[in-house]
file coords.pdb (PDB, C-alpha atoms and all ligand atoms)
ATOM      1  CA  MET N   4       4.368   4.697   0.779
ATOM      2  CA  ALA N   5       6.407   5.841   3.692
ATOM      3  CA  ARG N   6       4.359   7.063   6.562
ATOM      4  CA  ASP N   7       5.253   8.500   9.900
ATOM      5  CA  GLN N   8       4.206   6.190  12.637
ATOM      6  CA  GLY N   9       1.864   7.492  15.273
ATOM      7  CA  LYS N  10       0.258  10.363  13.333
ATOM      8  CA  VAL N  11      -3.204   9.180  14.052
ATOM      9  CA  GLY N  12      -4.827  12.065  15.847
ATOM     10  CA  GLU N  13      -5.867  12.917  19.360
ATOM     11  CA  GLN N  14      -9.304  11.426  19.671
ATOM     12  CA  LYS N  15      -7.782   8.200  18.449
ATOM     13  CA  SER N  16      -9.341   5.741  20.861
ATOM     14  CA  GLU N  17     -12.808   7.172  20.366
ATOM     15  CA  ILE N  18     -12.488   6.869  16.608
ATOM     16  CA  LEU N  19     -11.016   3.392  16.896
ATOM     17  CA  GLN N  20     -14.024   2.241  18.866
ATOM     18  CA  ALA N  21     -16.273   3.278  15.997
ATOM     19  CA  ILE N  22     -14.703   0.849  13.526
ATOM     20  CA  PRO N  23     -16.742  -2.293  14.383
ATOM     21  CA  ALA N  24     -20.040  -0.390  14.006
ATOM     22  CA  ALA N  25     -18.830   1.162  10.757
ATOM     23  CA  CYS N  26     -18.228  -2.316   9.363
ATOM     24  CA  ALA N  27     -21.772  -3.412  10.202
ATOM     25  CA  ASP N  28     -24.063  -0.449   9.576
ATOM     26  CA  GLU N  29     -24.168   1.920   6.589
ATOM     27  CA  THR N  30     -25.146   5.081   8.497
ATOM     28  CA  ALA N  31     -22.412   4.412  11.045
ATOM     29  CA  ALA N  32     -19.948   3.852   8.184
ATOM     30  CA  VAL N  33     -20.859   7.109   6.424
ATOM     31  CA  GLU N  34     -20.607   9.091   9.659
ATOM     32  CA  PHE N  35     -17.320   7.382  10.500
ATOM     33  CA  ILE N  36     -15.781   8.347   7.152
ATOM     34  CA  GLU N  37     -17.233  11.872   7.419
ATOM     35  CA  ARG N  38     -15.661  12.309  10.835
ATOM     36  CA  LEU N  39     -12.308  11.009   9.684
ATOM     37  CA  ARG N  40     -12.340  13.307   6.698
ATOM     38  CA  TRP N  41     -13.920  16.471   8.009
ATOM     39  CA  GLY N  42     -13.880  16.299  11.791
ATOM     40  CA  ASN N  43     -16.668  18.598  12.990
ATOM     41  CA  GLU N  44     -16.485  20.951   9.997
ATOM     42  CA  PRO N  45     -17.825  19.454   6.785
ATOM     43  CA  TRP N  46     -16.657  21.271   3.687
ATOM     44  CA  CYS N  47     -17.697  21.026   0.072
ATOM     45  CA  PRO N  48     -15.229  18.853  -1.840
ATOM     46  CA  ARG N  49     -16.124  20.713  -5.061
ATOM     47  CA  CYS N  50     -15.485  24.321  -4.004
ATOM     48  CA  GLY N  51     -14.084  24.035  -0.467
ATOM     49  CA  ASP N  52     -16.911  26.088   1.084
ATOM     50  CA  LEU N  53     -17.477  25.395   4.781
ATOM     51  CA  ASN N  54     -21.111  26.444   4.540
ATOM     52  CA  ALA N  55     -22.659  23.033   3.953
ATOM     53  CA  ARG N  56     -25.795  21.466   5.347
ATOM     54  CA  GLN N  57     -26.877  17.888   5.795
ATOM     55  CA  MET N  58     -29.952  17.101   3.670
ATOM     56  CA  GLN N  59     -32.936  15.529   5.381
ATOM     57  CA  ASP N  60     -36.095  13.720   4.312
ATOM     58  CA  ARG N  61     -39.632  14.826   5.257
ATOM     59  CA  GLN N  62     -39.494  12.976   8.558
ATOM     60  CA  GLY N  63     -36.364  14.885   9.487
ATOM     61  CA  ASN N  64     -34.122  11.854   9.079
ATOM     62  CA  ARG N  65     -30.916  11.890   7.180
ATOM     63  CA  ASN N  66     -31.251  11.760   3.403
ATOM     64  CA  ALA N  67     -31.136   8.155   2.181
ATOM     65  CA  ARG N  68     -28.160   8.888  -0.063
ATOM     66  CA  TYR N  69     -26.312  10.758   2.695
ATOM     67  CA  LEU N  70     -26.244  13.945   0.635
ATOM     68  CA  TRP N  71     -25.052  17.366   1.726
ATOM     69  CA  ARG N  72     -25.865  20.686   0.090
ATOM     70  CA  CYS N  73     -23.249  23.373  -0.381
ATOM     71  CA  HIS N  74     -24.339  27.003  -0.045
ATOM     72  CA  GLY N  75     -21.304  28.207  -1.978
ATOM     73  CA  CYS N  76     -21.714  26.347  -5.250
ATOM     74  CA  LYS N  77     -25.323  25.204  -4.607
ATOM     75  CA  LYS N  78     -24.390  21.646  -5.483
ATOM     76  CA  GLN N  79     -24.986  18.431  -3.642
ATOM     77  CA  PHE N  80     -22.198  16.160  -2.510
ATOM     78  CA  THR N  81     -21.400  13.130  -0.397
ATOM     79  CA  VAL N  82     -18.296  12.208   1.542
ATOM     80  CA  ARG N  83     -17.261   9.965  -1.346
ATOM     81  CA  ILE N  84     -16.515  12.861  -3.703
ATOM     82  CA  GLY N  85     -12.811  13.279  -4.281
ATOM     83  CA  THR N  86     -11.832   9.941  -2.718
ATOM     84  CA  ILE N  87     -11.242   6.395  -3.963
ATOM     85  CA  PHE N  88     -14.910   5.685  -3.106
ATOM     86  CA  GLU N  89     -16.218   8.232  -5.570
ATOM     87  CA  ASP N  90     -17.202   6.148  -8.567
ATOM     88  CA  SER N  91     -18.106   2.993  -6.667
ATOM     89  CA  ARG N  92     -21.529   1.788  -5.575
ATOM     90  CA  ILE N  93     -20.151  -0.552  -2.955
ATOM     91  CA  PRO N  94     -21.589   0.457   0.454
ATOM     92  CA  LEU N  95     -19.143   2.279   2.721
ATOM     93  CA  ARG N  96     -19.625  -0.339   5.463
ATOM     94  CA  ILE N  97     -18.127  -2.909   3.081
ATOM     95  CA  TRP N  98     -15.242  -0.547   2.308
ATOM     96  CA  CYS N  99     -14.655  -0.202   6.055
ATOM     97  CA  HIS N 100     -14.758  -3.976   6.409
ATOM     98  CA  GLY N 101     -12.240  -4.387   3.578
ATOM     99  CA  PHE N 102      -9.848  -1.834   5.096
ATOM    100  CA  TRP N 103     -10.183  -3.416   8.507
ATOM    101  CA  ARG N 104      -9.542  -6.935   7.187
ATOM    102  CA  ALA N 105      -6.614  -5.818   5.036
ATOM    103  CA  CYS N 106      -5.001  -4.039   7.973
ATOM    104  CA  SER N 107      -5.673  -6.585  10.717
ATOM    105  CA  SER N 108      -4.504  -9.646   8.815
ATOM    106  CA  LYS N 109      -0.767 -10.238   8.781
ATOM    107  CA  LYS N 110      -0.996 -12.348   5.661
ATOM    108  CA  GLY N 111      -3.316 -10.049   3.772
ATOM    109  CA  VAL N 112      -6.790 -11.010   2.706
ATOM    110  CA  SER N 113      -7.759 -12.397  -0.684
ATOM    111  CA  ALA N 114     -10.647 -11.239  -2.835
ATOM    112  CA  LEU N 115     -12.177 -14.703  -2.432
ATOM    113  CA  GLN N 116     -12.311 -14.269   1.354
ATOM    114  CA  ILE N 117     -13.877 -10.813   0.971
ATOM    115  CA  GLN N 118     -16.415 -12.256  -1.454
ATOM    116  CA  ARG N 119     -17.426 -14.883   1.122
ATOM    117  CA  GLU N 120     -17.610 -12.391   3.978
ATOM    118  CA  THR N 121     -19.526  -9.610   2.250
ATOM    119  CA  GLY N 122     -21.577 -11.175  -0.519
ATOM    120  CA  LEU N 123     -19.946  -8.989  -3.158
ATOM    121  CA  SER N 124     -19.272 -10.592  -6.529
ATOM    122  CA  TYR N 125     -15.726 -11.830  -6.990
ATOM    123  CA  LYS N 126     -15.094  -9.056  -9.504
ATOM    124  CA  SER N 127     -16.283  -6.362  -7.090
ATOM    125  CA  ALA N 128     -14.290  -7.900  -4.233
ATOM    126  CA  LEU N 129     -11.155  -7.834  -6.375
ATOM    127  CA  PHE N 130     -11.851  -4.218  -7.346
ATOM    128  CA  LEU N 131     -12.357  -3.293  -3.680
ATOM    129  CA  MET N 132      -9.103  -4.896  -2.561
ATOM    130  CA  HIS N 133      -7.089  -3.392  -5.398
ATOM    131  CA  ARG N 134      -8.332   0.049  -4.478
ATOM    132  CA  ILE N 135      -7.547  -0.511  -0.830
ATOM    133  CA  ARG N 136      -3.989  -1.463  -1.838
ATOM    134  CA  PHE N 137      -3.904   1.648  -3.984
ATOM    135  CA  ALA N 138      -4.790   3.749  -0.919
ATOM    136  CA  MET N 139      -2.084   1.973   1.085
ATOM    137  CA  GLY N 140       0.421   2.954  -1.586
ATOM    138  CA  ALA N 141      -0.475   6.631  -1.160
ATOM    139  CA  ASP N 142       2.014   9.343  -0.350
ATOM    140  CA  PRO N 143       3.246  10.335  -3.792
ATOM    141  CA  ARG N 144       6.289  12.212  -2.493
ATOM    142  CA  PRO N 145       7.570  10.521   0.644
ATOM    143  CA  PRO N 146      10.718  11.949   2.189
ATOM    144  CA  LYS N 147      13.991  10.543   0.921
ATOM    145  CA  ARG N 148      15.766   8.002   3.057
ATOM    146  CA  SER N 149      18.894   9.117   4.859
ATOM    147  CA  GLY N 150      21.519   7.773   7.241
ATOM    148  CA  ALA N 151      22.443   4.135   6.643
ATOM    149  CA  VAL N 152      20.179   2.639   3.990
ATOM    150  CA  GLN N 153      20.065  -1.023   3.033
ATOM    151  CA  ALA N 154      19.265  -2.003  -0.542
ATOM    152  CA  ASP N 155      18.508  -5.452  -1.931
ATOM    153  CA  GLU N 156      16.370  -7.289  -4.440
ATOM    154  CA  THR N 157      14.358 -10.504  -4.381
ATOM    155  CA  TYR N 158      12.630 -12.522  -7.067
ATOM    156  CA  VAL N 159       8.922 -13.171  -6.914
ATOM    157  CA  ARG N 160       7.273 -15.988  -8.767
ATOM    158  CA  GLY N 161       4.236 -14.830 -10.668
ATOM    159  CA  LYS N 162       1.558 -16.520 -12.674
ATOM    160  CA  PRO N 163       2.976 -18.258 -15.735
ATOM    161  CA  ARG N 164       2.305 -16.353 -18.881
ATOM    162  CA  HIS N 165       2.515 -19.320 -21.204
ATOM    163  CA  LYS N 166       1.777 -22.985 -20.838
ATOM    164  CA  LYS N 167       4.887 -24.817 -19.857
ATOM    165  CA  ARG N 168       6.595 -26.688 -22.641
ATOM    166  CA  MET N 169       8.196 -29.731 -21.164
ATOM    167  CA  SER N 170       9.896 -30.873 -24.321
ATOM    168  CA  GLU N 171      13.164 -29.078 -23.693
ATOM    169  CA  ARG N 172      14.778 -28.819 -20.341
ATOM    170  CA  TYR N 173      16.486 -25.623 -21.337
ATOM    171  CA  SER N 174      13.293 -23.906 -22.322
ATOM    172  CA  ALA N 175      11.604 -25.132 -19.123
ATOM    173  CA  ARG N 176      14.309 -23.427 -17.084
ATOM    174  CA  ARG N 177      14.008 -20.278 -19.094
ATOM    175  CA  GLU N 178      10.277 -20.447 -18.622
ATOM    176  CA  GLU N 179      10.802 -20.655 -14.869
ATOM    177  CA  TRP N 180      12.936 -17.515 -14.907
ATOM    178  CA  SER N 181      10.578 -15.607 -17.145
ATOM    179  CA  LYS N 182       7.908 -16.029 -14.473
ATOM    180  CA  LYS N 183      10.023 -14.340 -11.820
ATOM    181  CA  THR N 184       9.905 -10.618 -11.340
ATOM    182  CA  PRO N 185      12.496  -8.773  -9.299
ATOM    183  CA  VAL N 186      11.328  -6.549  -6.481
ATOM    184  CA  PHE N 187      13.822  -3.923  -5.367
ATOM    185  CA  ALA N 188      13.665  -2.371  -1.900
ATOM    186  CA  VAL N 189      15.523   0.041   0.332
ATOM    187  CA  VAL N 190      15.116   0.176   4.108
ATOM    188  CA  GLU N 191      16.508   2.597   6.629
ATOM    189  CA  ARG N 192      17.968   0.820   9.598
ATOM    190  CA  ASN N 193      14.974   0.368  11.974
ATOM    191  CA  GLY N 194      13.022   2.661   9.659
ATOM    192  CA  ASN N 195      10.702   2.587   6.700
ATOM    193  CA  VAL N 196      10.844   0.645   3.469
ATOM    194  CA  ARG N 197      10.308   1.655  -0.139
ATOM    195  CA  ALA N 198       9.854  -1.100  -2.669
ATOM    196  CA  ARG N 199       8.803  -1.638  -6.238
ATOM    197  CA  PRO N 200       8.843  -4.391  -8.844
ATOM    198  CA  MET N 201      11.286  -3.860 -11.674
ATOM    199  CA  GLU N 202      11.439  -5.204 -15.166
ATOM    200  CA  ARG N 203      15.148  -5.930 -14.732
ATOM    201  CA  VAL N 204      17.688  -5.311 -12.012
ATOM    202  CA  THR N 205      20.691  -3.609 -13.542
ATOM    203  CA  SER N 206      23.137  -0.985 -12.360
ATOM    204  CA  GLN N 207      21.090   1.540 -14.301
ATOM    205  CA  THR N 208      17.623   0.675 -12.963
ATOM    206  CA  VAL N 209      18.914   0.335  -9.411
ATOM    207  CA  GLY N 210      20.910   3.557  -9.715
ATOM    208  CA  ALA N 211      17.808   5.414 -10.897
ATOM    209  CA  ALA N 212      15.667   4.101  -8.016
ATOM    210  CA  LEU N 213      18.360   4.997  -5.475
ATOM    211  CA  ALA N 214      18.655   8.512  -6.868
ATOM    212  CA  GLU N 215      14.885   8.915  -6.546
ATOM    213  CA  TRP N 216      14.513   7.427  -3.063
ATOM    214  CA  ILE N 217      17.674   8.231  -1.174
ATOM    215  CA  GLU N 218      19.508  11.349  -0.067
ATOM    216  CA  PRO N 219      22.938  11.548  -1.711
ATOM    217  CA  SER N 220      24.441  11.782   1.787
ATOM    218  CA  ALA N 221      23.042   8.370   2.810
ATOM    219  CA  GLU N 222      25.435   5.456   3.022
ATOM    220  CA  ILE N 223      24.252   2.435   1.056
ATOM    221  CA  HIS N 224      24.638  -1.082   2.393
ATOM    222  CA  THR N 225      24.191  -4.041   0.049
ATOM    223  CA  ASP N 226      25.377  -7.567  -0.526
ATOM    224  CA  GLU N 227      28.242  -8.316  -2.854
ATOM    225  CA  SER N 228      26.107  -8.390  -6.019
ATOM    226  CA  ARG N 229      27.890  -6.802  -8.947
ATOM    227  CA  VAL N 230      24.836  -4.681  -9.693
ATOM    228  CA  TYR N 231      25.739  -2.403  -6.798
ATOM    229  CA  HIS N 232      29.360  -1.999  -7.708
ATOM    230  CA  PHE N 233      28.730   0.208 -10.698
ATOM    231  CA  LEU N 234      26.110   2.731  -9.662
ATOM    232  CA  GLY N 235      27.207   5.078 -12.382
ATOM    233  CA  LYS N 236      29.309   7.507 -10.382
ATOM    234  CA  PRO N 237      30.584   6.629  -6.943
ATOM    235  CA  TRP N 238      27.706   7.172  -4.486
ATOM    236  CA  PRO N 239      28.414  10.447  -2.605
ATOM    237  CA  GLY N 240      27.527   9.065   0.832
ATOM    238  CA  GLY N 241      29.515   5.903   0.278
ATOM    239  CA  HIS N 242      28.715   2.268  -0.430
ATOM    240  CA  GLN N 243      29.615  -0.706   1.758
ATOM    241  CA  SER N 244      28.823  -4.336   1.124
ATOM    242  CA  VAL N 245      28.800  -7.575   3.066
ATOM    243  CA  ASN N 246      29.955 -10.738   1.355
ATOM    244  CA  HIS N 247      27.167 -13.277   1.780
ATOM    245  CA  SER N 248      28.873 -15.917  -0.304
ATOM    246  CA  ALA N 249      31.780 -15.820   2.136
ATOM    247  CA  GLY N 250      29.365 -16.249   5.045
ATOM    248  CA  GLU N 251      29.558 -12.607   6.095
ATOM    249  CA  TYR N 252      26.200 -11.154   7.172
ATOM    250  CA  ALA N 253      27.235  -8.124   9.172
ATOM    251  CA  ARG N 254      30.414  -6.155   9.471
ATOM    252  CA  GLY N 255      30.003  -3.592  12.190
ATOM    253  CA  PRO N 256      26.987  -1.494  11.197
ATOM    254  CA  VAL N 257      27.065  -2.818   7.624
ATOM    255  CA  THR N 258      24.298  -5.356   7.049
ATOM    256  CA  THR N 259      21.292  -6.063   4.853
ATOM    257  CA  ASN N 260      19.303  -7.804   7.590
ATOM    258  CA  SER N 261      16.449  -5.270   7.693
ATOM    259  CA  VAL N 262      15.721  -5.329   3.983
ATOM    260  CA  GLU N 263      15.974  -9.114   3.920
ATOM    261  CA  GLY N 264      13.566  -9.197   6.853
ATOM    262  CA  PHE N 265      11.078  -7.145   4.856
ATOM    263  CA  PHE N 266      11.320  -9.560   1.941
ATOM    264  CA  SER N 267      11.150 -12.780   3.902
ATOM    265  CA  LEU N 268       8.853 -11.891   6.801
ATOM    266  CA  PHE N 269       6.486  -9.457   5.125
ATOM    267  CA  LEU N 270       6.418  -9.740   1.384
ATOM    268  CA  LEU N 271       7.054 -13.400   0.716
ATOM    269  CA  LYS N 272       6.213 -15.580   3.667
ATOM    270  CA  ARG N 273       3.100 -13.790   4.820
ATOM    271  CA  GLY N 274       1.887 -12.460   1.558
ATOM    272  CA  LEU N 275       2.822 -13.683  -1.810
ATOM    273  CA  TYR N 276       3.608 -17.295  -0.925
ATOM    274  CA  GLY N 277       0.980 -17.447   1.768
ATOM    275  CA  THR N 278      -2.365 -15.959   0.851
ATOM    276  CA  PHE N 279      -1.910 -14.942  -2.733
ATOM    277  CA  HIS N 280       0.192 -17.850  -4.084
ATOM    278  CA  SER N 281       0.890 -16.250  -7.382
ATOM    279  CA  VAL N 282       0.093 -12.770  -8.503
ATOM    280  CA  SER N 283       0.115 -11.572 -12.073
ATOM    281  CA  LYS N 284       2.939  -9.246 -13.019
ATOM    282  CA  LYS N 285       0.428  -6.529 -13.799
ATOM    283  CA  HIS N 286      -0.807  -6.351 -10.218
ATOM    284  CA  LEU N 287       2.400  -7.197  -8.355
ATOM    285  CA  HIS N 288       3.119  -3.561  -7.466
ATOM    286  CA  ARG N 289      -0.160  -3.342  -5.553
ATOM    287  CA  TYR N 290       0.760  -6.266  -3.330
ATOM    288  CA  VAL N 291       4.233  -4.830  -2.836
ATOM    289  CA  ASP N 292       2.584  -1.545  -1.761
ATOM    290  CA  GLU N 293       0.335  -3.396   0.690
ATOM    291  CA  PHE N 294       3.196  -5.157   2.436
ATOM    292  CA  ALA N 295       5.446  -2.090   2.425
ATOM    293  CA  PHE N 296       2.568  -0.231   4.113
ATOM    294  CA  LYS N 297       2.292  -2.991   6.716
ATOM    295  CA  TYR N 298       6.022  -2.908   7.319
ATOM    296  CA  ASN N 299       5.992   0.875   7.716
ATOM    297  CA  THR N 300       3.083   0.737  10.164
ATOM    298  CA  ARG N 301       4.393  -2.270  12.094
ATOM    299  CA  GLY N 302       4.582  -0.144  15.259
ATOM    300  CA  LEU N 303       0.819   0.522  15.165
ATOM    301  CA  ASP N 304      -1.979  -1.764  16.281
ATOM    302  CA  ASP N 305      -4.520  -3.076  13.760
ATOM    303  CA  GLY N 306      -7.096  -0.353  14.367
ATOM    304  CA  GLU N 307      -4.563   2.461  14.102
ATOM    305  CA  ARG N 308      -3.231   0.937  10.891
ATOM    306  CA  ALA N 309      -6.781   0.811   9.470
ATOM    307  CA  LEU N 310      -7.283   4.502  10.307
ATOM    308  CA  VAL N 311      -4.082   5.480   8.519
ATOM    309  CA  ALA N 312      -5.134   3.439   5.472
ATOM    310  CA  ILE N 313      -8.690   4.836   5.343
ATOM    311  CA  ARG N 314      -7.343   8.374   5.682
ATOM    312  CA  SER N 315      -5.176   7.675   2.643
ATOM    313  CA  ALA N 316      -8.353   7.072   0.655
ATOM    314  CA  GLU N 317      -8.886  10.807   0.548
ATOM    315  CA  GLY N 318      -7.080  12.554  -2.240
ATOM    316  CA  ARG N 319      -6.292   9.260  -3.884
ATOM    317  CA  GLN N 320      -8.860   9.762  -6.543
ATOM    318  CA  LEU N 321      -8.069   7.587  -9.487
ATOM    319  CA  ARG N 322      -7.183   9.193 -12.736
ATOM    320  CA  SER N 323      -7.550   5.992 -14.619
ATOM    321  CA  ARG N 324      -9.925   3.310 -13.510
ATOM    322  CA  ILE N 325      -8.510   0.229 -11.891
ATOM    323  CA  ARG N 326      -9.878  -2.864 -13.515
ATOM    324  CA  PRO N 327      -9.763  -6.199 -11.760
TER     325      PRO N 327
HETATM  326 ZN    ZN B   1     -19.475  23.900  -3.043
END

call {"tool": "encode", "arguments": {"input": "coords.pdb", "output": "C-alpha cells"}}
result
Amino acid sequence: MARDQGKVGEQKSEILQAIPAACADETAAVEFIERLRWGNEPWCPRCGDLNARQMQDRQGNRNARYLWRCHGCKKQFTVRIGTIFEDSRIPLRIWCHGFWRACSSKKGVSALQIQRETGLSYKSALFLMHRIRFAMGADPRPPKRSGAVQADETYVRGKPRHKKRMSERYSARREEWSKKTPVFAVVERNGNVRARPMERVTSQTVGAALAEWIEPSAEIHTDESRVYHFLGKPWPGGHQSVNHSAGEYARGPVTTNSVEGFFSLFLLKRGLYGTFHSVSKKHLHRYVDEFAFKYNTRGLDDGERALVAIRSAEGRQLRSRIRP
C-alpha cells in the first residue's frame, strides 16, 4: 500500500500525454500498457525470453488480438498475461479509463458512473473497479513505518445486514453498532498511511497490526483510548498519548492530527460518505486500500497517480477470482 512518491520514471511527461489516447482507442491502449510494462524490450511473460516478435496479419498490420510470439517457448502471449487484466475480456482502453477516473477523482468513482461512461454492464463495471482497487492495494511487503507514528481507529457505517427491528429501542441501538466496522490506521508524520478494517479493535488486534507495520524503534502517538495502554509489553520505542476528552490535541510533537486527517478528509468525507454511501463489510478493505493509495500519492498529480496505479496492475495477478 505504501508507495514512494515520485518514482514514476524519466520519460514521464511523454507517457502522461499518452493517457487520453489510451482511454479512447484500443490500439493506443495496448501500446500504452506495453510501453509501461516493457519499455522498448518486450519479454515473454511465460518464460522471460527477450526474443519476442509482434504478430502481424497478411496486410502487415498488427494482429487483431495484439498477440506476440516468443521464440524461446514458441508460445503466443499478450501484454495482459501475468497482470490483473489476464482473465478479463474488457478492452484495455476501458481499463485505462477506469484507472484514470479512479485516480483523478478525489471522491472516487462508483461502478454506476463507470457503467454510464463506458457502456459496460453494471456487473462488469463493479468487477473493473474492484480490480483497480486491488491494484492500488499492491505492494505486499511495504517498508515498516519508523520515527513518530500516529495510530487511531474510526468506525465506518456499512450496509445493514438485517432489516431493522424497530420494536425495541435497545435492539435498534445494537443494530446500529453491528453495522459499524472499525478501520485501524497508522500514519508517519507527513508520511504514508497503512490502514485496514478490523473485526474488533482490542489491545490484541491493534498490538498485532502495530507489530506487523511498525519498527519497534518507532514512537507511537495515540489518543487516550484504553486500547493503546495495554499493547502487551511496553512498546520498545515508547508510547505517548494526547487526551482528547480533556481538550488536548497536541502536546509538543505528540498528536494524532495526521491520522485523523486521513480518516476525515480522505476515507470518510470524500469516499465512503460521499460517493459510496455504504459499502458492504466484505468489500470495505478495497475502498480503504483505494483511499490509502490516494493519501500516499497525494504529492503526485492525477496523471502520475494513474501511472503508479496502472504499473501496480503488473504482478498483481489474482489467485482467487474477485466476484462483484
Ligand atoms: Zn516464452

call {"tool": "closest_atom_pairs", "arguments": {"input": "coords.pdb", "of": "range 80-199 of chain N", "to": "range 204-224 of chain N", "cutoff": "7 Å", "atoms": "all atoms listed in the file", "output": "CSV"}}
result
residue,atom,partner,partner_atom,distance
N:Lys147,CA,N:Ile217,CA,4.8
N:Arg148,CA,N:Ile217,CA,4.6
N:Ser149,CA,N:Ala221,CA,4.7
N:Gly150,CA,N:Ala221,CA,4.7
N:Ala151,CA,N:Glu222,CA,4.9
N:Val152,CA,N:Ile223,CA,5.0
N:Gln153,CA,N:His224,CA,4.6
N:Ala154,CA,N:His224,CA,6.2
N:Pro185,CA,N:Val204,CA,6.8

call {"tool": "residues_near_ligand", "arguments": {"input": "coords.pdb", "ligand": "ligand ZN 1 (chain B)", "cutoff": "9 Å", "atoms": "all atoms listed in the file", "output": "list in words"}}
result
Trp46, Cys47, Pro48, Arg49, Cys50, Gly51, Asp52, Leu53, Asn54, Ala55, Arg72, Cys73, His74, Gly75, Cys76, Lys77, Lys78, Gln79 and Phe80 of chain N

call {"tool": "residues_around", "arguments": {"input": "coords.pdb", "residues": "Thr259 in chain N", "least_positions_apart": "6", "cutoff": "12 Å", "atoms": "all atoms listed in the file", "output": "ChimeraX atom specification"}}
result
/N:151-156,188-193,223-227,243-247,251-253,265-266

call {"tool": "closest_residue", "arguments": {"input": "coords.pdb", "among": "N:Arg83, N:Arg254, N:His133, N:Arg56", "to": "Val112 in chain N", "atoms": "only C-alpha atoms"}}
result
N:His133

call {"tool": "atom_distance", "arguments": {"input": "coords.pdb", "atom1": "CA of Phe187 in chain N", "atom2": "CA of Leu271 in chain N"}}
result
13.1 Å

call {"tool": "closest_residue", "arguments": {"input": "coords.pdb", "among": "N:Gln57, N:Gln116, N:Asn260, N:Thr300", "to": "Glu44 in chain N", "atoms": "all atoms listed in the file"}}
result
N:Gln57

call {"tool": "closest_residue", "arguments": {"input": "coords.pdb", "among": "N:Ala128, N:Ala21, N:Leu270, N:Ala309", "to": "Val186 in chain N", "atoms": "only C-alpha atoms"}}
result
N:Leu270

call {"tool": "atom_distance", "arguments": {"input": "coords.pdb", "atom1": "CA of Arg68 in chain N", "atom2": "CA of Ala25 in chain N"}}
result
16.2 Å

call {"tool": "closest_residue", "arguments": {"input": "coords.pdb", "among": "N:Val262, N:Ala141, N:Leu275, N:Ala249", "to": "Gly194 in chain N", "atoms": "only C-alpha atoms"}}
result
N:Val262

call {"tool": "residues_around", "arguments": {"input": "coords.pdb", "residues": "Glu17 in chain N", "least_positions_apart": "5", "cutoff": "12 Å", "atoms": "all atoms listed in the file", "output": "list in words"}}
result
Val11, Gly12, Ile22, Pro23, Phe35, Arg38, Leu39, Gly306, Glu307 and Leu310 of chain N

call {"tool": "axis_aligned_box", "arguments": {"input": "coords.pdb", "around": "range 293-308 of chain N", "padding_each_side": "3 Å", "output": "lines of an AutoDock Vina configuration file"}}
result
center_x = -0.5
center_y = -1.3
center_z = 8.5
size_x = 19.1
size_y = 13.6
size_z = 21.6

call {"tool": "decode", "arguments": {"input": "coords.pdb", "residues": "range 8-48 of chain N", "atoms": "C-alpha atoms", "output": "tab-separated table (two decimals), in the first residue's frame"}}
result
chain	number	residue	atom	x	y	z
N	8	GLN	CA	6.27	9.30	-4.14
N	9	GLY	CA	7.87	10.40	-7.36
N	10	LYS	CA	9.08	7.02	-8.65
N	11	VAL	CA	7.41	7.46	-11.96
N	12	GLY	CA	10.21	7.24	-14.46
N	13	GLU	CA	12.15	9.58	-16.68
N	14	GLN	CA	10.05	9.83	-19.78
N	15	LYS	CA	7.17	10.68	-17.51
N	16	SER	CA	5.64	13.59	-19.39
N	17	GLU	CA	5.71	11.73	-22.68
N	18	ILE	CA	3.95	8.76	-21.14
N	19	LEU	CA	1.47	11.00	-19.36
N	20	GLN	CA	0.49	12.59	-22.64
N	21	ALA	CA	-0.45	9.17	-23.99
N	22	ILE	CA	-3.16	8.59	-21.38
N	23	PRO	CA	-6.07	10.40	-23.12
N	24	ALA	CA	-5.50	8.46	-26.36
N	25	ALA	CA	-5.20	5.21	-24.41
N	26	CYS	CA	-8.63	5.84	-22.91
N	27	ALA	CA	-10.20	6.32	-26.34
N	28	ASP	CA	-8.54	3.87	-28.71
N	29	GLU	CA	-7.79	0.16	-28.20
N	30	THR	CA	-4.52	0.04	-30.17
N	31	ALA	CA	-3.26	3.11	-28.33
N	32	ALA	CA	-4.28	1.48	-25.03
N	33	VAL	CA	-2.47	-1.79	-25.78
N	34	GLU	CA	0.68	0.05	-26.86
N	35	PHE	CA	0.47	2.30	-23.80
N	36	ILE	CA	0.31	-0.68	-21.43
N	37	GLU	CA	3.06	-2.47	-23.38
N	38	ARG	CA	5.32	0.55	-23.06
N	39	LEU	CA	4.63	0.92	-19.36
N	40	ARG	CA	5.34	-2.73	-18.77
N	41	TRP	CA	8.19	-3.49	-21.12
N	42	GLY	CA	9.66	-0.20	-22.26
N	43	ASN	CA	11.38	-0.89	-25.58
N	44	GLU	CA	12.19	-4.53	-24.79
N	45	PRO	CA	9.17	-6.81	-24.82
N	46	TRP	CA	9.75	-10.07	-22.99
N	47	CYS	CA	7.72	-13.24	-22.78
N	48	PRO	CA	5.71	-13.28	-19.55
